[in-house]
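The structure appears right after this line, and notes come after that.
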Amino acid sequence: MNHQLVLQFQGDDAATLEKVIELEDQLIEALDGSTAAEVDGHEPGDGVINLVLLAKNAAKVWEKIEPMIEEAASDDLEISAVAFRPLNGEEFTVLWPTDFEGEFEMG
């Protein structure tokens with residue numbers, strides 16, 4: 001894997017965590033057997049919860065999973081950003097939203 005792909009959700013309360021874990025389980029199932037990506041886990045931050053994936057090509061994986069994320073977002077799960085970085089890198093590149101301003105941090 002070449003990239004760490006991070007899906008960042010607003011909120012760090014129990015209800016948000018439960019929804020992120022549900023989405024994480026869906027992604028594990030959807031990516032089962034894939035050589036392009038794997039779910040690495042979730043990590044609560046300061047007011048956010050990060051769902052982390054490892055990917056060969058983060059942009060292509062995002063294209064594949066975006067519909068699942070949008071469906072989860074319609075179920076009161078607020079996604080704030082999607083970003084990636086090389087596994088050995090520190091700086092993130094934001095994939096979504098396209099008009100993201102500022103510097104992405106894992107919270």
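In the structure tokens, the first chain shown is A, the next is B, and so on; residue numbers restart at 1 for each chain, and ligands run from 1 in the order shown.
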
Discussion item. Give me the residues near Gln8 of chain A as a PyMOL selection string, where near means some atom within 10 Å (using only C-alpha atoms) and where sequence neighbours in that chain fewer than 3 positions away do not count.
Written reply: chain A and resi 5+11+20+42-45+48-52+78-83+104-107

Selected residues, N, CA and C atoms, written as a PDB file, in the first residue's frame, please.
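Printed below is part.pdb as written:
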ATOM      1  N   LEU A   5      -5.411   6.841   3.599  1.00  0.00           N
ATOM      2  CA  LEU A   5      -6.603   7.587   3.213  1.00  0.00           C
ATOM      3  C   LEU A   5      -7.435   7.796   4.467  1.00  0.00           C
ATOM      4  N   GLY A  11     -17.803  15.290  15.022  1.00  0.00           N
ATOM      5  CA  GLY A  11     -18.366  14.753  16.255  1.00  0.00           C
ATOM      6  C   GLY A  11     -17.546  13.608  16.795  1.00  0.00           C
ATOM      7  N   VAL A  20     -19.850   5.529  12.627  1.00  0.00           N
ATOM      8  CA  VAL A  20     -18.565   5.350  11.946  1.00  0.00           C
ATOM      9  C   VAL A  20     -18.174   3.871  11.954  1.00  0.00           C
ATOM     10  N   HIS A  42     -10.453   2.948  13.046  1.00  0.00           N
ATOM     11  CA  HIS A  42     -10.949   4.293  13.324  1.00  0.00           C
ATOM     12  C   HIS A  42     -10.216   4.848  14.538  1.00  0.00           C
ATOM     13  N   GLU A  43     -10.245   6.168  14.628  1.00  0.00           N
ATOM     14  CA  GLU A  43      -9.470   6.840  15.654  1.00  0.00           C
ATOM     15  C   GLU A  43     -10.178   8.130  16.046  1.00  0.00           C
ATOM     16  N   PRO A  44     -10.717   8.199  17.270  1.00  0.00           N
ATOM     17  CA  PRO A  44     -11.338   9.452  17.718  1.00  0.00           C
ATOM     18  C   PRO A  44     -10.272  10.541  17.860  1.00  0.00           C
ATOM     19  N   GLY A  45     -10.664  11.755  17.496  1.00  0.00           N
ATOM     20  CA  GLY A  45      -9.776  12.896  17.642  1.00  0.00           C
ATOM     21  C   GLY A  45     -10.463  13.969  18.474  1.00  0.00           C
ATOM     22  N   VAL A  48     -13.690  15.070  16.344  1.00  0.00           N
ATOM     23  CA  VAL A  48     -13.851  14.338  15.090  1.00  0.00           C
ATOM     24  C   VAL A  48     -13.559  12.861  15.316  1.00  0.00           C
ATOM     25  N   ILE A  49     -13.972  12.053  14.345  1.00  0.00           N
ATOM     26  CA  ILE A  49     -13.566  10.647  14.308  1.00  0.00           C
ATOM     27  C   ILE A  49     -13.001  10.391  12.917  1.00  0.00           C
ATOM     28  N   ASN A  50     -11.808   9.830  12.880  1.00  0.00           N
ATOM     29  CA  ASN A  50     -11.143   9.516  11.624  1.00  0.00           C
ATOM     30  C   ASN A  50     -11.280   8.034  11.320  1.00  0.00           C
ATOM     31  N   LEU A  51     -11.667   7.736  10.100  1.00  0.00           N
ATOM     32  CA  LEU A  51     -11.718   6.368   9.611  1.00  0.00           C
ATOM     33  C   LEU A  51     -10.557   6.235   8.628  1.00  0.00           C
ATOM     34  N   VAL A  52      -9.642   5.322   8.915  1.00  0.00           N
ATOM     35  CA  VAL A  52      -8.383   5.249   8.172  1.00  0.00           C
ATOM     36  C   VAL A  52      -8.346   3.993   7.299  1.00  0.00           C
ATOM     37  N   GLU A  78     -21.955  13.232   9.537  1.00  0.00           N
ATOM     38  CA  GLU A  78     -21.421  14.409   8.838  1.00  0.00           C
ATOM     39  C   GLU A  78     -19.932  14.251   8.541  1.00  0.00           C
ATOM     40  N   ILE A  79     -19.630  14.088   7.262  1.00  0.00           N
ATOM     41  CA  ILE A  79     -18.230  13.980   6.858  1.00  0.00           C
ATOM     42  C   ILE A  79     -17.696  15.389   6.609  1.00  0.00           C
ATOM     43  N   SER A  80     -16.522  15.671   7.153  1.00  0.00           N
ATOM     44  CA  SER A  80     -15.974  17.016   6.990  1.00  0.00           C
ATOM     45  C   SER A  80     -14.876  17.068   5.936  1.00  0.00           C
ATOM     46  N   ALA A  81     -14.128  15.972   5.764  1.00  0.00           N
ATOM     47  CA  ALA A  81     -13.063  15.977   4.761  1.00  0.00           C
ATOM     48  C   ALA A  81     -12.572  14.558   4.492  1.00  0.00           C
ATOM     49  N   VAL A  82     -11.989  14.402   3.305  1.00  0.00           N
ATOM     50  CA  VAL A  82     -11.321  13.170   2.917  1.00  0.00           C
ATOM     51  C   VAL A  82      -9.950  13.585   2.399  1.00  0.00           C
ATOM     52  N   ALA A  83      -8.905  12.985   2.972  1.00  0.00           N
ATOM     53  CA  ALA A  83      -7.549  13.366   2.585  1.00  0.00           C
ATOM     54  C   ALA A  83      -6.645  12.147   2.599  1.00  0.00           C
ATOM     55  N   PHE A 104      -5.302  20.169   6.358  1.00  0.00           N
ATOM     56  CA  PHE A 104      -5.984  19.022   6.945  1.00  0.00           C
ATOM     57  C   PHE A 104      -5.133  18.463   8.088  1.00  0.00           C
ATOM     58  N   GLU A 105      -5.788  18.204   9.208  1.00  0.00           N
ATOM     59  CA  GLU A 105      -5.123  17.565  10.343  1.00  0.00           C
ATOM     60  C   GLU A 105      -6.005  16.441  10.844  1.00  0.00           C
ATOM     61  N   MET A 106      -5.383  15.418  11.382  1.00  0.00           N
ATOM     62  CA  MET A 106      -6.161  14.269  11.862  1.00  0.00           C
ATOM     63  C   MET A 106      -6.926  14.572  13.147  1.00  0.00           C
ATOM     64  N   GLY A 107      -6.762  15.723  13.722  1.00  0.00           N
ATOM     65  CA  GLY A 107      -7.565  16.125  14.874  1.00  0.00           C
ATOM     66  C   GLY A 107      -7.096  15.532  16.115  1.00  0.00           C
TER      67      GLY A 107
END

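Note that DSSP on the backbone gives alpha helix (DSSP H) to these residues of segment 47-82 of chain A: Ala58, Ala59, Lys60, Val61, Trp62, Glu63, Lys64, Ile65, Glu66, Pro67, Met68, Ile69, Glu70, Glu71, Ala72 and Ala73 of chain A.
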
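One finds atom CA of Lys19 of chain A at 8.1 Å from atom CA of Ala72 of chain A.
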
Fill in: Who sits within 10 Å of segment 53-61 of chain A, only C-alpha atoms, same chain under 5 positions skipped, as a ChimeraX atom specification
/A:1-7,24,27-28,31,34-42,66,82-87,94-95

Fill in: DSSP strand (DSSP E) residues within chain A, listed as a PyMOL selection string
chain A and resi 3-10+37-44+48-55+79-86+93-96
